[in-house]
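Source file: structure10.cif; contents: mmCIF, C-alpha atoms.
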```cif
data_upload
#
loop_
_atom_site.group_PDB
_atom_site.id
_atom_site.type_symbol
_atom_site.label_atom_id
_atom_site.label_comp_id
_atom_site.auth_asym_id
_atom_site.auth_seq_id
_atom_site.Cartn_x
_atom_site.Cartn_y
_atom_site.Cartn_z
ATOM 1 C CA MET A 1 8.641 -12.979 59.761
ATOM 2 C CA ALA A 2 10.862 -11.773 56.915
ATOM 3 C CA TYR A 3 10.497 -8.177 55.771
ATOM 4 C CA THR A 4 11.398 -7.158 52.233
ATOM 5 C CA PHE A 5 11.972 -3.741 50.764
ATOM 6 C CA ASP A 6 11.990 -2.284 47.251
ATOM 7 C CA GLU A 7 14.854 0.208 47.107
ATOM 8 C CA THR A 8 13.227 2.029 44.177
ATOM 9 C CA ARG A 9 10.808 3.442 46.753
ATOM 10 C CA VAL A 10 13.644 5.551 48.206
ATOM 11 C CA LEU A 11 14.328 8.886 46.563
ATOM 12 C CA SER A 12 17.937 9.700 45.808
ATOM 13 C CA ARG A 13 19.377 12.861 47.298
ATOM 14 C CA LYS A 14 19.094 14.488 43.877
ATOM 15 C CA GLU A 15 15.415 13.549 43.600
ATOM 16 C CA ARG A 16 14.648 14.732 47.094
ATOM 17 C CA SER A 17 16.428 18.048 46.500
ATOM 18 C CA GLN A 18 14.587 18.527 43.217
ATOM 19 C CA LEU A 19 11.232 17.925 44.886
ATOM 20 C CA LEU A 20 11.931 20.198 47.844
ATOM 21 C CA ARG A 21 13.232 22.936 45.565
ATOM 22 C CA THR A 22 10.075 22.730 43.443
ATOM 23 C CA CYS A 23 7.891 23.008 46.552
ATOM 24 C CA ARG A 24 9.880 25.926 47.891
ATOM 25 C CA GLU A 25 9.773 27.837 44.600
ATOM 26 C CA ARG A 26 6.045 27.195 44.031
ATOM 27 C CA ALA A 27 5.243 28.214 47.607
ATOM 28 C CA GLU A 28 7.197 31.458 47.267
ATOM 29 C CA LEU A 29 5.380 32.245 44.012
ATOM 30 C CA ASP A 30 1.976 31.526 45.565
ATOM 31 C CA LEU A 31 2.776 33.851 48.447
ATOM 32 C CA LEU A 32 3.634 36.622 46.016
ATOM 33 C CA LYS A 33 0.487 36.035 43.967
ATOM 34 C CA GLY A 34 -1.836 35.655 46.942
ATOM 35 C CA ARG A 35 -2.536 31.997 46.166
ATOM 36 C CA LYS A 36 -2.888 29.435 48.934
ATOM 37 C CA THR A 37 -2.151 25.948 47.590
ATOM 38 C CA TRP A 38 1.614 25.493 47.571
ATOM 39 C CA PRO A 39 2.527 26.902 51.005
ATOM 40 C CA THR A 40 0.461 24.099 52.543
ATOM 41 C CA ARG A 41 1.682 21.494 50.054
ATOM 42 C CA SER A 42 5.279 22.515 50.692
ATOM 43 C CA MET A 43 4.782 22.143 54.455
ATOM 44 C CA LEU A 44 3.342 18.677 53.891
ATOM 45 C CA VAL A 45 6.269 17.543 51.736
ATOM 46 C CA TYR A 46 8.929 18.884 54.106
ATOM 47 C CA LEU A 47 7.171 17.341 57.091
ATOM 48 C CA ALA A 48 6.969 13.960 55.386
ATOM 49 C CA PHE A 49 10.673 13.970 54.517
ATOM 50 C CA TYR A 50 11.993 15.253 57.839
ATOM 51 C CA SER A 51 9.771 13.420 60.306
ATOM 52 C CA GLY A 52 9.144 10.070 58.623
ATOM 53 C CA LEU A 53 5.518 10.102 59.775
ATOM 54 C CA ARG A 54 2.933 7.901 58.100
ATOM 55 C CA VAL A 55 0.312 9.809 56.133
ATOM 56 C CA SER A 56 -2.381 8.770 58.616
ATOM 57 C CA GLU A 57 -0.243 10.178 61.435
ATOM 58 C CA ILE A 58 0.236 13.464 59.587
ATOM 59 C CA ALA A 59 -3.486 13.744 58.899
ATOM 60 C CA SER A 60 -4.383 13.336 62.571
ATOM 61 C CA LEU A 61 -1.897 15.906 63.928
ATOM 62 C CA LYS A 62 -3.202 18.717 66.090
ATOM 63 C CA LEU A 63 -1.232 21.870 66.829
ATOM 64 C CA GLY A 64 -1.049 20.719 70.437
ATOM 65 C CA ASP A 65 0.958 17.703 69.260
ATOM 66 C CA LEU A 66 3.826 19.961 68.163
ATOM 67 C CA PHE A 67 6.319 20.602 70.954
ATOM 68 C CA THR A 68 8.593 23.139 69.315
ATOM 69 C CA SER A 69 9.692 25.473 72.106
ATOM 70 C CA GLY A 70 12.034 23.249 74.109
ATOM 71 C CA ALA A 71 15.661 22.288 73.596
ATOM 72 C CA ASP A 72 14.609 18.939 72.094
ATOM 73 C CA PRO A 73 11.625 19.671 69.825
ATOM 74 C CA TYR A 74 9.390 16.775 68.923
ATOM 75 C CA ILE A 75 6.036 15.731 67.531
ATOM 76 C CA LEU A 76 3.821 13.637 69.758
ATOM 77 C CA VAL A 77 2.182 10.973 67.624
ATOM 78 C CA ARG A 78 -0.981 9.977 69.467
ATOM 79 C CA HIS A 79 -2.427 7.691 66.812
ATOM 80 C CA GLY A 80 0.448 5.582 65.544
ATOM 81 C CA LYS A 81 0.126 2.134 64.053
ATOM 82 C CA GLY A 82 -1.488 -0.190 66.584
ATOM 83 C CA ASP A 83 -2.609 2.924 68.475
ATOM 84 C CA ARG A 84 0.890 3.308 69.920
ATOM 85 C CA ILE A 85 1.996 6.728 71.177
ATOM 86 C CA ARG A 86 5.532 7.948 70.489
ATOM 87 C CA LYS A 87 7.716 11.043 70.343
ATOM 88 C CA VAL A 88 9.325 11.862 67.001
ATOM 89 C CA TYR A 89 12.216 14.295 67.371
ATOM 90 C CA ILE A 90 12.541 16.849 64.594
ATOM 91 C CA PRO A 91 15.354 19.084 63.279
ATOM 92 C CA GLY A 92 15.522 22.795 63.983
ATOM 93 C CA GLN A 93 14.902 23.813 60.377
ATOM 94 C CA LEU A 94 11.627 21.893 60.329
ATOM 95 C CA VAL A 95 10.623 23.566 63.597
ATOM 96 C CA LYS A 96 11.227 26.965 62.009
ATOM 97 C CA MET A 97 9.122 26.051 58.986
ATOM 98 C CA MET A 98 6.283 24.753 61.143
ATOM 99 C CA LYS A 99 6.171 27.956 63.188
ATOM 100 C CA GLN A 100 6.072 30.013 59.989
ATOM 101 C CA TYR A 101 3.327 27.809 58.585
ATOM 102 C CA ILE A 102 1.181 28.097 61.722
ATOM 103 C CA LYS A 103 1.494 31.888 61.515
ATOM 104 C CA TYR A 104 0.497 31.662 57.838
ATOM 105 C CA LYS A 105 -2.494 29.445 58.711
ATOM 106 C CA ASN A 106 -3.776 32.016 61.132
ATOM 107 C CA GLN A 107 -3.030 35.251 59.285
ATOM 108 C CA SER A 108 -3.441 34.268 55.621
ATOM 109 C CA LEU A 109 -5.762 31.262 55.670
ATOM 110 C CA GLY A 110 -7.859 32.519 58.557
ATOM 111 C CA GLN A 111 -7.768 29.125 60.271
ATOM 112 C CA MET A 112 -8.095 28.573 63.993
ATOM 113 C CA CYS A 113 -4.773 27.813 65.658
ATOM 114 C CA SER A 114 -5.554 26.525 69.139
ATOM 115 C CA GLU A 115 -3.995 23.352 70.519
ATOM 116 C CA VAL A 116 -6.989 21.254 69.453
ATOM 117 C CA ASP A 117 -7.047 22.470 65.851
ATOM 118 C CA PRO A 118 -5.594 20.361 63.012
ATOM 119 C CA LEU A 119 -2.210 21.121 61.523
ATOM 120 C CA PHE A 120 -3.721 20.455 58.094
ATOM 121 C CA ALA A 121 -7.332 21.560 58.072
ATOM 122 C CA SER A 122 -10.136 21.153 55.537
ATOM 123 C CA PRO A 123 -12.276 24.170 54.539
ATOM 124 C CA LYS A 124 -14.666 23.088 57.297
ATOM 125 C CA GLY A 125 -11.890 23.200 59.895
ATOM 126 C CA THR A 126 -11.756 19.422 60.320
ATOM 127 C CA HIS A 127 -8.734 17.183 59.781
ATOM 128 C CA VAL A 128 -7.800 16.693 56.137
ATOM 129 C CA LYS A 129 -8.234 13.060 55.113
ATOM 130 C CA PRO A 130 -5.109 10.963 54.392
ATOM 131 C CA LEU A 131 -6.228 10.458 50.777
ATOM 132 C CA THR A 132 -6.271 14.234 50.261
ATOM 133 C CA LEU A 133 -2.690 14.484 51.540
ATOM 134 C CA MET A 134 -1.627 11.588 49.318
ATOM 135 C CA LYS A 135 -3.069 13.319 46.254
ATOM 136 C CA SER A 136 -1.419 16.622 47.165
ATOM 137 C CA PHE A 137 1.957 14.903 47.504
ATOM 138 C CA LYS A 138 1.431 13.275 44.096
ATOM 139 C CA VAL A 139 0.901 16.701 42.534
ATOM 140 C CA ALA A 140 4.248 17.781 43.994
ATOM 141 C CA ILE A 141 5.935 14.691 42.515
ATOM 142 C CA GLU A 142 4.453 15.404 39.086
ATOM 143 C CA SER A 143 5.356 19.092 39.247
ATOM 144 C CA ALA A 144 8.970 18.208 40.024
ATOM 145 C CA GLY A 145 9.106 15.807 37.064
ATOM 146 C CA LEU A 146 9.951 12.791 39.192
ATOM 147 C CA ARG A 147 9.036 9.119 38.800
ATOM 148 C CA PRO A 148 5.233 8.781 38.790
ATOM 149 C CA GLU A 149 5.302 5.666 40.979
ATOM 150 C CA LEU A 150 6.622 7.684 43.936
ATOM 151 C CA SER A 151 4.154 8.329 46.758
ATOM 152 C CA ILE A 152 4.036 10.049 50.123
ATOM 153 C CA HIS A 153 4.981 6.755 51.803
ATOM 154 C CA CYS A 154 8.247 6.882 49.825
ATOM 155 C CA ALA A 155 9.133 9.960 51.889
ATOM 156 C CA ARG A 156 8.994 7.748 54.998
ATOM 157 C CA HIS A 157 11.263 5.156 53.360
ATOM 158 C CA THR A 158 13.656 7.910 52.283
ATOM 159 C CA TYR A 159 13.728 9.414 55.768
ATOM 160 C CA ALA A 160 14.479 6.040 57.348
ATOM 161 C CA THR A 161 17.224 5.200 54.857
ATOM 162 C CA PHE A 162 18.995 8.547 55.195
ATOM 163 C CA LEU A 163 18.636 8.662 58.983
ATOM 164 C CA LEU A 164 20.103 5.192 59.404
ATOM 165 C CA GLU A 165 22.928 5.979 57.008
ATOM 166 C CA GLU A 166 23.782 9.224 58.812
ATOM 167 C CA THR A 167 23.505 7.940 62.383
ATOM 168 C CA SER A 168 24.122 4.162 62.191
ATOM 169 C CA ASP A 169 21.804 4.079 65.218
ATOM 170 C CA LEU A 170 19.282 1.321 64.613
ATOM 171 C CA ALA A 171 17.525 1.806 67.964
ATOM 172 C CA HIS A 172 17.006 5.514 67.301
ATOM 173 C CA VAL A 173 15.594 4.920 63.820
ATOM 174 C CA LYS A 174 13.288 2.232 65.184
ATOM 175 C CA LYS A 175 11.888 4.635 67.792
ATOM 176 C CA GLN A 176 11.492 7.464 65.301
ATOM 177 C CA LEU A 177 9.546 5.264 62.894
ATOM 178 C CA GLY A 178 7.457 3.611 65.587
ATOM 179 C CA HIS A 179 8.380 0.096 64.552
ATOM 180 C CA LYS A 180 7.310 -2.665 66.894
ATOM 181 C CA ASN A 181 10.003 -5.034 65.654
ATOM 182 C CA VAL A 182 13.643 -4.142 64.907
ATOM 183 C CA ALA A 183 13.501 -6.528 61.934
ATOM 184 C CA MET A 184 11.259 -3.989 60.238
ATOM 185 C CA THR A 185 13.904 -1.298 60.702
ATOM 186 C CA LEU A 186 16.687 -3.529 59.396
ATOM 187 C CA ILE A 187 15.254 -3.398 55.884
ATOM 188 C CA TYR A 188 16.730 0.106 55.675
ATOM 189 C CA ALA A 189 20.227 -1.099 56.524
ATOM 190 C CA ASP A 190 21.182 -1.479 52.867
ATOM 191 C CA LEU A 191 23.184 1.503 51.699
ATOM 192 C CA LEU A 192 21.791 4.001 49.262
ATOM 193 C CA PRO A 193 22.630 2.731 45.766
ATOM 194 C CA GLU A 194 24.408 5.969 44.900
ATOM 195 C CA ARG A 195 26.990 5.324 47.656
ATOM 196 C CA ASN A 196 27.926 1.761 46.735
ATOM 197 C CA THR A 197 30.640 2.727 44.231
ATOM 198 C CA GLU A 198 31.940 5.495 46.483
ATOM 199 C CA LEU A 199 32.480 3.071 49.365
ATOM 200 C CA VAL A 200 34.057 0.204 47.445
ATOM 201 C CA ASN A 201 36.517 2.669 45.898
ATOM 202 C CA ARG A 202 37.853 3.366 49.391
ATOM 203 C CA LEU A 203 39.497 -0.075 49.325
ATOM 204 C CA SER A 204 43.190 0.077 48.552
ATOM 205 C CA PHE A 205 44.001 -1.755 45.324
ATOM 206 C CA GLU A 206 47.259 -3.651 45.291
ATOM 207 C CA GLU A 207 48.899 -4.442 41.969
#
```
Go ahead and render the structure in this file as structure tokens.
Amino acid sequence: MAYTFDETRVLSRKERSQLLRTCRERAELDLLKGRKTWPTRSMLVYLAFYSGLRVSEIASLKLGDLFTSGADPYILVRHGKGDRIRKVYIPGQLVKMMKQYIKYKNQSLGQMCSEVDPLFASPKGTHVKPLTLMKSFKVAIESAGLRPELSIHCARHTYATFLLEETSDLAHVKKQLGHKNVAMTLIYADLLPERNTELVNRLSFEE
């Protein structure tokens, strides 16, 4: 089976930075004003970009799925595509943010924070639905002034593209994404468009 990929669904580094900066600034302002929307939205956006999880996987996360205290922190995805279970290793900065967010959930939002409680909880304490997370991500995109066609799934594509570019480790990227077939991961092998000119200019030009 041939897999195709639309490269416009990958955010450039500039776009990603603009979105993350918007989330960070809005979250800081909400904290100062005693508002509660953007700290959670910011956590969602950062998690999407630095874990590559599908929105359904994010929605089903429990606090007990976050293994952040060891030397190799990871998220245990219990409900991946095809009901496959996998570990998704995460960077230290994301671990720090998650710990801060869990503290915020408990102290500022008054949400339960046991191992069985959702990472993203509805007002009733149940798991937030994937559609709710998708809409929240869309608000972040609009607030940052980015392309309206971008969605939360584009964060997964962006994560995969950047991770493969940085590591050149196809097997690692495949495991992180939870792909069943390496052919699915290979669609991210094309370089980011912004690097094409940079790389061809490394060729020596003989006159």
Which residues of stretch 42-118 of chain A sit at most 8 Å from stretch 127-149 of chain A, using only C-alpha atoms? Give each one's shortest atom pair and distance in Å (one decimal place), in chain and ascending residue order, as CSV.
```
residue,atom,partner,partner_atom,distance
A:Leu44,CA,A:Phe137,CA,7.5
A:Val45,CA,A:Phe137,CA,6.6
A:Val55,CA,A:Pro130,CA,5.8
A:Ser56,CA,A:Pro130,CA,5.5
A:Ile58,CA,A:Pro130,CA,7.9
A:Ala59,CA,A:Pro130,CA,5.5
A:Ser60,CA,A:His127,CA,6.4
A:Pro118,CA,A:His127,CA,5.5
```
Practice prompt. I would like the residues chosen by the PyMOL selection byres ((chain A and resi 105) around 12) on the shown file; could you give them as a PyMOL selection string?
Written response: chain A and resi 36-37+39-40+43+63+98-104+106-114+117-123+125
Worksheet item: Which is closer to A:Phe162 than all the others in A:Leu61, A:Leu31, A:Leu20, A:Leu11, using all atoms listed in the file?
Response: A:Leu11
Would you compute the box with edges along x, y and z of the file around stretch 127-143 of chain A, including every atom the file lists for it and 5 Å extra on each side, and give its centre and edge lengths in Å to one decimal, as JSON?
```
{"center_x": -1.4, "center_y": 14.8, "center_z": 49.4, "size_x": 24.7, "size_y": 18.6, "size_z": 30.7}
```
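Residues near the point (15.5, 7.6, 47.3), at a distance of 9 Å or less over only C-alpha atoms, make up A:Glu7, A:Thr8, A:Arg9, A:Val10, A:Leu11, A:Ser12, A:Arg13, A:Lys14, A:Glu15, A:Arg16, A:Cys154, A:Ala155, A:His157, A:Thr158, A:Tyr159, A:Thr161, A:Phe162, A:Leu192, A:Pro193.
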Practice prompt. Have a look at A:Phe49, A:Ala189, A:Ile152, A:Val173 and name the one nearest to A:Ser17; count all atoms listed in the file.
Written response: A:Phe49
Using all atoms listed in the file, what residues lie at most 9 Å away from (-0.4, 14.5, 68.1) (file coordinates), given as a compact mmCIF listing (two decimals) with C-alpha atoms, in the frame of the given file?
```
# COMPACT_ATOMS: atom_id res chain seq x y z
CA GLU A 57 -0.24 10.18 61.44
CA ILE A 58 0.24 13.46 59.59
CA SER A 60 -4.38 13.34 62.57
CA LEU A 61 -1.90 15.91 63.93
CA LYS A 62 -3.20 18.72 66.09
CA LEU A 63 -1.23 21.87 66.83
CA GLY A 64 -1.05 20.72 70.44
CA ASP A 65 0.96 17.70 69.26
CA LEU A 66 3.83 19.96 68.16
CA ILE A 75 6.04 15.73 67.53
CA LEU A 76 3.82 13.64 69.76
CA VAL A 77 2.18 10.97 67.62
CA ARG A 78 -0.98 9.98 69.47
CA HIS A 79 -2.43 7.69 66.81
CA ILE A 85 2.00 6.73 71.18
```
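Nearest to A:Tyr50 of all the residues A:Asn181, A:Lys175, A:Ile187, A:Val88 is A:Val88, counting all atoms listed in the file.
Between atom CA of A:Ser151 and atom CA of A:Arg41 the separation is 13.8 Å.
Each of A:Arg26, A:Lys174, A:Lys87, A:Lys180 was compared to A:Phe67 using all atoms listed in the file, and A:Lys87 turns out to be the nearest.
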Item to complete: Figure out the distance between atom CA of A:Leu150 and atom CA of A:Arg54, please, to one decimal in Å.
Response: 14.6 Å
